[in-house]
$ cat entry_26.txt   # compact mmCIF, C-alpha atoms and all ligand atoms
# COMPACT_ATOMS: atom_id res chain seq x y z
CA MET F 1 -18.95 7.66 -16.36
CA LYS F 2 -18.44 9.81 -13.32
CA ILE F 3 -15.95 7.90 -11.25
CA ALA F 4 -15.58 7.94 -7.46
CA PHE F 5 -13.41 6.17 -4.91
CA PRO F 6 -13.10 6.20 -1.14
CA HIS F 7 -10.82 8.49 0.80
CA MET F 8 -7.72 7.27 2.56
CA GLY F 9 -5.50 10.18 3.52
CA ARG F 10 -4.29 11.97 0.40
CA LEU F 11 -4.83 9.02 -1.95
CA TYR F 12 -7.55 11.01 -3.74
CA ILE F 13 -4.94 13.36 -5.26
CA ALA F 14 -3.10 10.51 -6.98
CA LEU F 15 -6.26 8.71 -8.17
CA SER F 16 -7.91 11.92 -9.41
CA ALA F 17 -4.81 12.83 -11.42
CA ALA F 18 -4.64 9.38 -13.06
CA ILE F 19 -8.33 9.42 -14.01
CA ARG F 20 -8.20 12.99 -15.32
CA ILE F 21 -5.11 12.22 -17.43
CA LEU F 22 -7.15 9.40 -18.97
CA GLY F 23 -9.97 11.83 -19.77
CA GLY F 24 -12.32 10.48 -17.10
CA GLU F 25 -14.60 12.56 -14.91
CA VAL F 26 -13.92 12.30 -11.18
CA VAL F 27 -16.34 12.80 -8.31
CA VAL F 28 -14.20 13.15 -5.18
CA PRO F 29 -16.49 12.48 -2.21
CA PRO F 30 -16.48 15.15 0.52
CA TYR F 31 -13.56 14.52 2.84
CA ASN F 32 -14.48 12.19 5.72
CA ASN F 33 -16.71 14.05 8.15
CA LYS F 34 -19.41 13.38 10.74
CA ARG F 35 -22.08 12.86 8.10
CA THR F 36 -19.91 10.38 6.16
CA LEU F 37 -19.53 8.37 9.33
CA GLU F 38 -23.24 8.59 10.19
CA LEU F 39 -24.28 7.38 6.74
CA GLY F 40 -21.76 4.53 6.89
CA SER F 41 -22.56 3.51 10.47
CA LEU F 42 -26.34 3.53 9.89
CA ASN F 43 -25.99 1.07 7.03
CA SER F 44 -23.26 -1.21 8.39
CA PRO F 45 -23.27 -4.09 10.86
CA GLU F 46 -22.41 -2.54 14.22
CA ALA F 47 -19.26 -4.61 14.80
CA VAL F 48 -17.72 -4.15 11.39
CA CYS F 49 -14.37 -2.37 11.41
CA PHE F 50 -14.27 1.43 11.49
CA PRO F 51 -12.71 2.01 8.00
CA TYR F 52 -15.55 0.02 6.38
CA LYS F 53 -18.15 2.46 7.75
CA LEU F 54 -16.27 5.48 6.42
CA ILE F 55 -15.73 3.89 3.01
CA LEU F 56 -19.45 3.08 2.73
CA GLY F 57 -20.23 6.69 3.72
CA ASN F 58 -17.81 7.95 1.05
CA TYR F 59 -19.58 5.91 -1.64
CA MET F 60 -23.01 7.09 -0.56
CA GLU F 61 -21.95 10.75 -0.59
CA ALA F 62 -20.22 10.31 -3.95
CA ILE F 63 -23.39 8.80 -5.45
CA GLU F 64 -25.42 11.71 -4.07
CA ASN F 65 -22.97 14.00 -5.88
CA GLY F 66 -23.50 12.27 -9.21
CA ALA F 67 -21.00 9.37 -9.30
CA ASP F 68 -22.14 6.41 -11.37
CA ALA F 69 -19.03 4.22 -11.17
CA LEU F 70 -17.18 3.23 -8.00
CA LEU F 71 -13.59 2.01 -7.76
CA MET F 72 -13.06 -0.69 -5.14
CA ILE F 73 -10.16 -2.84 -4.01
CA ASP F 74 -10.24 -6.58 -3.48
CA SER F 75 -7.19 -7.34 -1.46
CA PRO F 76 -5.59 -10.62 -0.53
CA GLY F 77 -5.20 -11.18 3.17
CA ILE F 78 -6.84 -12.88 6.07
CA CYS F 79 -8.79 -10.01 7.58
CA ARG F 80 -12.12 -8.43 6.60
CA LEU F 81 -10.53 -6.34 3.85
CA GLY F 82 -10.95 -9.31 1.52
CA GLN F 83 -14.72 -9.05 2.08
CA TYR F 84 -15.03 -5.28 1.81
CA SER F 85 -15.94 -5.00 -1.84
CA SER F 86 -18.54 -7.78 -1.87
CA SER F 87 -20.22 -6.46 1.32
CA LEU F 88 -20.16 -2.88 0.02
CA ARG F 89 -21.65 -3.93 -3.32
CA THR F 90 -24.44 -5.86 -1.59
CA THR F 91 -25.23 -2.97 0.77
CA LEU F 92 -25.26 -0.32 -1.97
CA SER F 93 -27.45 -2.52 -4.20
CA ASP F 94 -29.84 -3.19 -1.29
CA LEU F 95 -30.07 0.56 -0.73
CA GLY F 96 -31.26 0.84 -4.33
CA TYR F 97 -28.21 2.52 -5.87
CA ASP F 98 -27.69 1.65 -9.51
CA VAL F 99 -23.96 2.15 -10.09
CA LYS F 100 -21.17 0.29 -11.80
CA PHE F 101 -18.56 -1.34 -9.56
CA ILE F 102 -15.01 -1.56 -10.85
CA ASN F 103 -12.82 -3.80 -8.73
CA PHE F 104 -9.05 -3.62 -8.57
CA ASP F 105 -8.47 -7.25 -7.80
CA LEU F 106 -5.06 -7.45 -6.14
CA TYR F 107 -5.48 -11.24 -5.96
CA LYS F 108 -5.12 -11.32 -9.74
CA GLY F 109 -2.36 -8.94 -10.53
CA LYS F 110 -0.71 -5.72 -9.65
CA LEU F 111 0.35 -3.16 -12.24
CA LYS F 112 -1.47 -5.14 -14.93
CA GLU F 113 -4.70 -5.04 -12.95
CA LEU F 114 -4.36 -1.26 -12.52
CA TYR F 115 -3.85 -0.94 -16.28
CA VAL F 116 -6.92 -3.06 -17.11
CA LYS F 117 -9.21 -1.39 -14.57
CA PHE F 118 -8.23 2.20 -15.38
CA LYS F 119 -8.95 1.32 -19.01
CA GLU F 120 -12.36 -0.09 -18.06
CA ALA F 121 -13.22 2.88 -15.84
CA THR F 122 -12.27 5.61 -18.30
CA GLY F 123 -12.70 3.87 -21.66
CA ASN F 124 -9.24 5.12 -22.64
CA ALA F 125 -7.38 2.27 -24.35
CA ASN F 126 -4.26 4.22 -25.34
CA PRO F 127 -1.39 2.25 -23.71
CA ILE F 128 0.92 5.28 -23.55
CA THR F 129 -1.66 7.41 -21.73
CA LEU F 130 -2.51 4.50 -19.43
CA ILE F 131 1.14 4.00 -18.47
CA LYS F 132 1.53 7.76 -18.02
CA ALA F 133 -1.53 7.87 -15.74
CA ILE F 134 -0.31 4.99 -13.55
CA ASN F 135 3.19 6.49 -13.32
CA MET F 136 1.70 9.83 -12.40
CA ALA F 137 -0.35 8.27 -9.58
CA ILE F 138 2.76 6.54 -8.21
CA LEU F 139 4.84 9.72 -8.56
CA ILE F 140 2.26 11.73 -6.59
CA ILE F 141 2.04 9.10 -3.85
CA ASN F 142 5.84 9.14 -3.44
CA MET F 143 5.94 12.95 -3.55
CA LEU F 144 3.30 13.35 -0.86
CA ASP F 145 5.17 11.03 1.50
CA ASP F 146 8.41 12.97 0.93
CA ILE F 147 6.59 16.22 1.66
CA ASP F 148 5.01 14.79 4.84
CA LYS F 149 8.49 14.08 6.22
CA VAL F 150 9.47 17.75 5.82
CA LEU F 151 6.08 18.81 7.20
CA SER F 152 6.60 16.77 10.35
CA TYR F 153 10.03 18.33 11.02
CA TYR F 154 8.70 21.89 10.68
CA ARG F 155 5.42 21.33 12.53
CA ALA F 156 7.25 20.18 15.65
CA ARG F 157 9.48 23.26 15.66
CA GLU F 158 7.20 26.04 14.33
CA LEU F 159 7.05 29.29 16.31
CA ASN F 160 3.41 30.06 15.54
CA PRO F 161 0.99 27.11 15.76
CA GLY F 162 -0.61 26.32 12.41
CA ASP F 163 1.95 28.17 10.24
CA THR F 164 3.40 25.02 8.67
CA ASP F 165 -0.03 23.60 7.83
CA LYS F 166 -1.13 26.79 6.07
CA ARG F 167 1.92 26.55 3.80
CA TYR F 168 1.42 22.83 3.32
CA TYR F 169 -2.21 23.25 2.17
CA ARG F 170 -1.16 25.97 -0.27
CA GLY F 171 1.28 23.47 -1.82
CA LEU F 172 -1.31 20.67 -1.83
CA ARG F 173 -3.61 22.80 -3.99
CA GLU F 174 -0.81 23.12 -6.57
CA ILE F 175 -0.21 19.36 -6.51
CA GLU F 176 -3.94 18.73 -6.97
CA ALA F 177 -3.94 20.87 -10.11
CA ALA F 178 -0.85 19.22 -11.68
CA LEU F 179 -1.52 16.83 -14.56
CA SER F 180 2.01 16.38 -15.92
CA TYR F 181 5.23 15.07 -14.32
CA LYS F 182 6.87 18.46 -14.87
CA LYS F 183 4.08 20.38 -13.14
CA ALA F 184 3.86 17.82 -10.33
CA LEU F 185 7.60 18.01 -9.62
CA LYS F 186 7.46 21.81 -9.70
CA ALA F 187 4.51 21.73 -7.27
CA LYS F 188 6.48 19.40 -4.96
CA LYS F 189 9.47 21.77 -5.01
CA ASN F 190 7.22 24.75 -4.27
CA THR F 191 5.44 22.94 -1.43
CA ILE F 192 8.72 22.05 0.25
CA GLU F 193 9.90 25.65 -0.17
CA TYR F 194 6.67 26.99 1.35
CA ILE F 195 7.03 24.65 4.32
CA LYS F 196 10.69 25.55 4.78
CA SER F 197 9.77 29.23 4.91
CA THR F 198 7.92 28.60 8.24
CA PRO F 199 9.62 30.42 11.12
CA ILE F 200 10.95 27.72 13.49
CA ASP F 201 13.13 27.24 16.52
CA PRO F 202 15.69 24.69 15.29
CA GLU F 203 17.03 24.28 18.86
CA LYS F 204 13.60 23.41 20.31
CA ASP F 205 13.64 20.46 22.68
CA ILE F 206 11.44 18.04 20.76
CA VAL F 207 10.65 14.37 21.24
CA THR F 208 10.30 11.89 18.40
CA VAL F 209 7.43 9.48 18.04
CA ASP F 210 6.94 6.68 15.51
CA LEU F 211 3.36 6.30 14.31
CA VAL F 212 2.35 2.70 13.57
CA GLY F 213 -0.84 0.67 13.19
CA GLU F 214 -3.58 -0.18 10.72
CA VAL F 215 -2.98 1.57 7.42
CA TYR F 216 -6.37 3.29 7.03
CA VAL F 217 -6.49 4.93 10.45
CA VAL F 218 -2.81 5.85 10.33
CA LEU F 219 -3.29 7.68 7.02
CA ASP F 220 -6.76 9.12 7.50
CA GLN F 221 -6.77 12.43 9.40
CA PHE F 222 -10.50 12.26 10.22
CA SER F 223 -10.43 8.82 11.82
CA ASN F 224 -7.19 9.45 13.72
CA LEU F 225 -8.44 12.89 14.89
CA ASP F 226 -5.47 14.47 13.14
CA VAL F 227 -2.98 12.77 15.42
CA GLU F 228 0.10 13.99 13.51
CA LYS F 229 -1.02 17.59 13.76
CA GLU F 230 -1.90 17.26 17.45
CA LEU F 231 1.46 15.67 18.24
CA GLY F 232 3.23 18.36 16.20
CA ARG F 233 1.45 20.99 18.29
CA LEU F 234 2.92 19.31 21.38
CA GLY F 235 6.43 19.64 19.93
CA VAL F 236 6.65 16.06 18.67
CA HIS F 237 8.47 15.10 15.51
CA VAL F 238 6.33 12.27 14.09
CA ASN F 239 7.83 9.56 11.89
CA ARG F 240 4.90 7.82 10.23
CA GLN F 241 5.95 4.22 9.63
CA ILE F 242 2.97 3.24 7.47
CA ASN F 243 3.02 5.09 4.18
CA LEU F 244 1.20 4.74 0.88
CA SER F 245 4.50 4.76 -1.00
CA ASP F 246 5.65 1.71 0.98
CA TRP F 247 2.35 -0.01 0.29
CA VAL F 248 2.71 0.65 -3.44
CA LYS F 249 6.25 -0.73 -3.33
CA SER F 250 5.29 -3.95 -1.57
CA SER F 251 1.75 -4.54 -2.90
CA ILE F 252 1.66 -3.03 -6.39
CA MET F 253 5.19 -3.07 -7.78
CA PRO F 254 6.32 -6.43 -9.22
CA SER F 255 9.29 -7.76 -7.24
CA ALA F 256 11.60 -7.32 -10.28
CA LEU F 257 11.02 -3.56 -10.11
CA ARG F 258 11.68 -3.22 -6.38
CA PHE F 259 15.02 -1.99 -5.21
CA GLY F 260 16.17 -2.81 -1.73
CA GLU F 261 14.21 -4.12 1.21
CA THR F 262 10.62 -2.91 1.56
CA HIS F 263 9.36 -1.48 4.84
CA GLU F 264 7.13 -4.53 5.21
CA GLU F 265 10.06 -6.96 4.79
CA LYS F 266 12.11 -5.04 7.35
CA ALA F 267 9.25 -4.92 9.85
CA ARG F 268 8.46 -8.62 9.43
CA LYS F 269 12.08 -9.48 10.14
CA SER F 270 12.16 -7.49 13.37
CA ALA F 271 8.75 -8.86 14.45
CA LYS F 272 9.97 -12.46 14.22
CA SER F 273 10.85 -13.01 17.87
CA PHE F 274 7.37 -11.79 18.92
CA LEU F 275 5.05 -12.83 16.08
CA LYS F 276 6.03 -15.50 13.62
CA ARG F 277 3.15 -15.52 11.16
CA ASP F 278 0.95 -13.08 9.36
CA VAL F 279 -2.29 -12.57 11.28
CA GLY F 280 -3.77 -10.21 8.69
CA GLY F 281 -3.93 -6.46 8.16
CA ASP F 282 -0.85 -4.59 9.29
CA ALA F 283 -0.41 -6.36 12.63
CA ILE F 284 2.97 -7.87 11.90
CA GLU F 285 4.24 -4.47 10.78
CA SER F 286 2.93 -2.84 13.96
CA VAL F 287 4.84 -5.35 16.09
CA GLY F 288 7.95 -5.13 13.88
CA ASP F 289 7.91 -1.32 13.82
CA VAL F 290 7.76 -1.08 17.61
CA ALA F 291 10.55 -3.65 18.01
CA LEU F 292 12.67 -1.77 15.49
CA ALA F 293 12.12 1.60 17.18
CA GLY F 294 13.31 0.06 20.46
CA LYS F 295 16.27 -1.78 18.95
CA GLU F 296 17.53 1.12 16.87
CA HIS F 297 16.66 3.83 19.47
CA SER F 298 15.20 5.74 16.53
CA ALA F 299 12.27 7.20 18.51
CA ASP F 300 11.48 8.24 22.10
CA GLY F 301 8.16 6.40 21.91
CA VAL F 302 5.55 4.84 19.64
CA VAL F 303 1.88 5.66 19.09
CA HIS F 304 -0.06 2.63 17.86
CA LEU F 305 -3.42 3.29 16.17
CA LEU F 306 -6.04 0.62 15.71
CA PRO F 307 -9.66 0.64 14.56
CA PHE F 308 -12.25 -0.75 16.97
CA THR F 309 -12.92 -4.46 16.24
CA CYS F 310 -9.85 -4.84 14.02
CA MET F 311 -8.80 -8.39 14.89
CA PRO F 312 -5.22 -8.23 13.50
CA GLU F 313 -4.41 -5.08 15.45
CA ILE F 314 -6.01 -6.49 18.61
CA VAL F 315 -3.51 -9.35 18.32
CA ALA F 316 -0.70 -6.79 17.86
CA GLN F 317 -1.95 -4.74 20.81
CA ASN F 318 -1.74 -7.80 23.04
CA ILE F 319 1.81 -8.56 21.95
CA LEU F 320 3.06 -4.99 22.32
CA PRO F 321 3.46 -5.08 26.16
CA ASN F 322 6.13 -7.78 25.64
CA VAL F 323 7.86 -5.78 22.93
CA ARG F 324 7.68 -2.68 25.10
CA SER F 325 9.38 -4.33 28.06
CA GLU F 326 11.97 -6.28 26.05
CA GLU F 327 12.98 -3.36 23.87
CA ASP F 328 12.42 -0.68 26.55
CA ILE F 329 10.27 1.60 24.41
CA PRO F 330 7.08 3.35 25.59
CA VAL F 331 4.00 2.55 23.50
CA LEU F 332 0.58 4.20 23.54
CA SER F 333 -2.19 2.20 21.81
CA LEU F 334 -5.26 4.20 20.80
CA VAL F 335 -8.44 2.45 19.68
CA LEU F 336 -10.43 4.52 17.19
CA ASP F 337 -14.13 4.40 16.49
CA GLU F 338 -17.12 6.65 16.01
CA HIS F 339 -17.49 7.21 19.77
CA MET F 340 -13.97 8.56 20.27
CA GLY F 341 -14.03 11.99 21.97
CA LYS F 342 -11.36 14.51 21.05
CA ALA F 343 -10.82 15.90 24.58
CA GLY F 344 -10.00 12.51 26.14
CA TYR F 345 -7.83 11.64 23.16
CA ILE F 346 -5.76 14.83 23.48
CA THR F 347 -5.36 14.29 27.22
CA ARG F 348 -3.90 10.84 26.59
CA LEU F 349 -1.51 12.21 23.96
CA GLU F 350 -0.39 15.01 26.29
CA ALA F 351 0.22 12.59 29.17
CA PHE F 352 2.22 10.30 26.86
CA VAL F 353 4.34 13.16 25.53
CA ASP F 354 5.01 14.32 29.14
CA LEU F 355 6.19 10.83 29.99
CA LEU F 356 8.50 10.78 26.95
CA ARG F 357 9.98 14.16 27.91
CA ARG F 358 10.64 13.00 31.48
CA ARG F 359 12.31 9.80 30.24
CA LYS F 360 14.45 11.76 27.82
CA ARG F 361 15.53 14.23 30.52
CA LYS F 362 16.30 11.40 32.92
CA SER F 363 18.48 9.52 30.45
CA ALA F 364 20.28 12.77 29.50
CA LEU F 365 21.04 13.37 33.22
CA ALA F 366 22.19 9.77 33.62
CA ALA F 367 24.50 10.15 30.62
CA VAL F 368 26.05 13.32 32.13
CA ALA F 369 26.52 11.65 35.52
CA SER F 370 28.28 8.56 34.14
S1 LIG Z 1 -6.88 -4.53 9.02
FE1 LIG Z 1 -8.47 -4.40 10.56
S2 LIG Z 1 -9.59 -2.52 10.11
FE2 LIG Z 1 -8.38 -2.99 8.30
S3 LIG Z 1 -9.80 -4.21 7.06
FE3 LIG Z 1 -8.63 -5.67 8.27
S4 LIG Z 1 -9.91 -6.05 10.08
FE4 LIG Z 1 -10.66 -4.18 9.12
$ encode --input "entry_26.txt" --output "structure tokens"
Amino acid sequence: MKIAFPHMGRLYIALSAAIRILGGEVVVPPYNNKRTLELGSLNSPEAVCFPYKLILGNYMEAIENGADALLMIDSPGICRLGQYSSSLRTTLSDLGYDVKFINFDLYKGKLKELYVKFKEATGNANPITLIKAINMAILIINMLDDIDKVLSYYRARELNPGDTDKRYYRGLREIEAALSYKKALKAKKNTIEYIKSTPIDPEKDIVTVDLVGEVYVVLDQFSNLDVEKELGRLGVHVNRQINLSDWVKSSIMPSALRFGETHEEKARKSAKSFLKRDVGGDAIESVGDVALAGKEHSADGVVHLLPFTCMPEIVAQNILPNVRSEEDIPVLSLVLDEHMGKAGYITRLEAFVDLLRRRKRKSALAAVAS
């Protein structure tokens, strides 16, 4: 079978590696683009959330490119994500596509479910290779998040715009080609070295911004109009609070294998005085992350990303003004959908960064005066 899966940030690198280690053939759909969105939007209910449309577009483009098996996730939770796979299956079948659907059912199990479904998708029943493939996927996910932290530091301080990204993409190509732990770790080391060779101004007056919100739009560069890169260009050091490695730790790893508090547990704790119960998606984390940034003074401001019609994040967005005034932290919420224009988006980011710079300067002057 030629296996495909949807894009979500760099997840494709980890999934492709696991499938290739198991001897499967991968069809990586073209990275999210205008056509992906058009295909998805044309065949989706208008009010369905933005990530759904892109995922449907990914599947349609993957089928066009020869995929005959699609990996999907059934996730527990109280938002539409729980319905994604059944709606996608119905739509693709109605469109006349004859493909096999392989569901990772996170209601049923975690690592065990990955094991069973990778075996079903690739036909490889060798337990050692299956464990190696799953470990490799997790290793790559963790590596990519580590690299992104270095990338963010250098992007904000680079002397020539775009230098850091060129080096980063060179490293990504090496990671994409790695099919063993040794090669993957070597590729990670090389990527960090490439990034660190970027000429920077370490004394540059930067501001720091935490990036929070719904996981898909936070991780997907197409739907968030490359917000991390745009902020980096404005001299902003971005700390992305929603990461795939954290999701793996809290949603895939059995609790016995987790060490320390997960990001989700920490965020839930700090959200408590504003939102007591889970309202679905990543809303409680959005509220908790903003509260934490204010309490710990770990960022000059927060950018909150939410997909249009995402109910959990709409709840979070309505709570954030309280968090913002109680914790004295500026927050910019950006709603993302297919009608979002880049020029207006950049203007809002620039105005927000200006505000953060003025606040920072003002508090530095106040500190000198006192
Ligand atoms: S969190 Fe929001 S965007 Fe994501 S699946 Fe749920 S409703 Fe849709």
$ residues_around --input "entry_26.txt" --residues "stretch 265-278 of chain F" --least-positions-apart "6" --cutoff "10 Å" --atoms "all atoms listed in the file" --output "PDB file with C-alpha atoms, in the coordinates of the input"
ATOM      1  CA  GLY F  77      -5.200 -11.180   3.170  1.00  0.00           C
ATOM      2  CA  ILE F  78      -6.840 -12.880   6.070  1.00  0.00           C
ATOM      3  CA  GLN F 241       5.950   4.220   9.630  1.00  0.00           C
ATOM      4  CA  SER F 250       5.290  -3.950  -1.570  1.00  0.00           C
ATOM      5  CA  ILE F 284       2.970  -7.870  11.900  1.00  0.00           C
ATOM      6  CA  GLU F 285       4.240  -4.470  10.780  1.00  0.00           C
ATOM      7  CA  SER F 286       2.930  -2.840  13.960  1.00  0.00           C
ATOM      8  CA  VAL F 287       4.840  -5.350  16.090  1.00  0.00           C
ATOM      9  CA  GLY F 288       7.950  -5.130  13.880  1.00  0.00           C
ATOM     10  CA  ASP F 289       7.910  -1.320  13.820  1.00  0.00           C
ATOM     11  CA  VAL F 290       7.760  -1.080  17.610  1.00  0.00           C
ATOM     12  CA  ALA F 291      10.550  -3.650  18.010  1.00  0.00           C
ATOM     13  CA  LEU F 292      12.670  -1.770  15.490  1.00  0.00           C
ATOM     14  CA  ALA F 293      12.120   1.600  17.180  1.00  0.00           C
ATOM     15  CA  LYS F 295      16.270  -1.780  18.950  1.00  0.00           C
ATOM     16  CA  PRO F 312      -5.220  -8.230  13.500  1.00  0.00           C
ATOM     17  CA  VAL F 315      -3.510  -9.350  18.320  1.00  0.00           C
ATOM     18  CA  ALA F 316      -0.700  -6.790  17.860  1.00  0.00           C
ATOM     19  CA  ILE F 319       1.810  -8.560  21.950  1.00  0.00           C
ATOM     20  CA  LEU F 320       3.060  -4.990  22.320  1.00  0.00           C
ATOM     21  CA  ASN F 322       6.130  -7.780  25.640  1.00  0.00           C
ATOM     22  CA  VAL F 323       7.860  -5.780  22.930  1.00  0.00           C
TER      23      VAL F 323
END
$ axis_aligned_box --input "entry_26.txt" --around "ligand LIG 1 (chain Z)" --padding-each-side "6 Å" --output "lines of an AutoDock Vina configuration file"
center_x = -8.8
center_y = -4.3
center_z = 8.8
size_x = 15.8
size_y = 15.5
size_z = 15.5
$ residues_near_ligand --input "entry_26.txt" --ligand "ligand LIG 1 (chain Z)" --cutoff "12 Å" --atoms "all atoms listed in the file" --output "PyMOL selection string"
chain F and resi 8+47-55+73-85+213-219+223+278-286+305-316+335-337
$ residues_around --input "entry_26.txt" --residues "stretch 59-66 of chain F" --least-positions-apart "4" --cutoff "9 Å" --atoms "all atoms listed in the file" --output "ChimeraX atom specification"
/F:2-6,27-30,35-36,39-40,54-55,70,88,92,97,99
$ closest_residue --input "entry_26.txt" --among "F:Ile252, F:Met1, F:Leu355, F:Ala187" --to "F:Lys108" --atoms "only C-alpha atoms"
F:Ile252
$ closest_residue --input "entry_26.txt" --among "F:Glu113, F:Glu174, F:Asp163, F:Glu25" --to "F:Leu151" --atoms "all atoms listed in the file"
F:Asp163
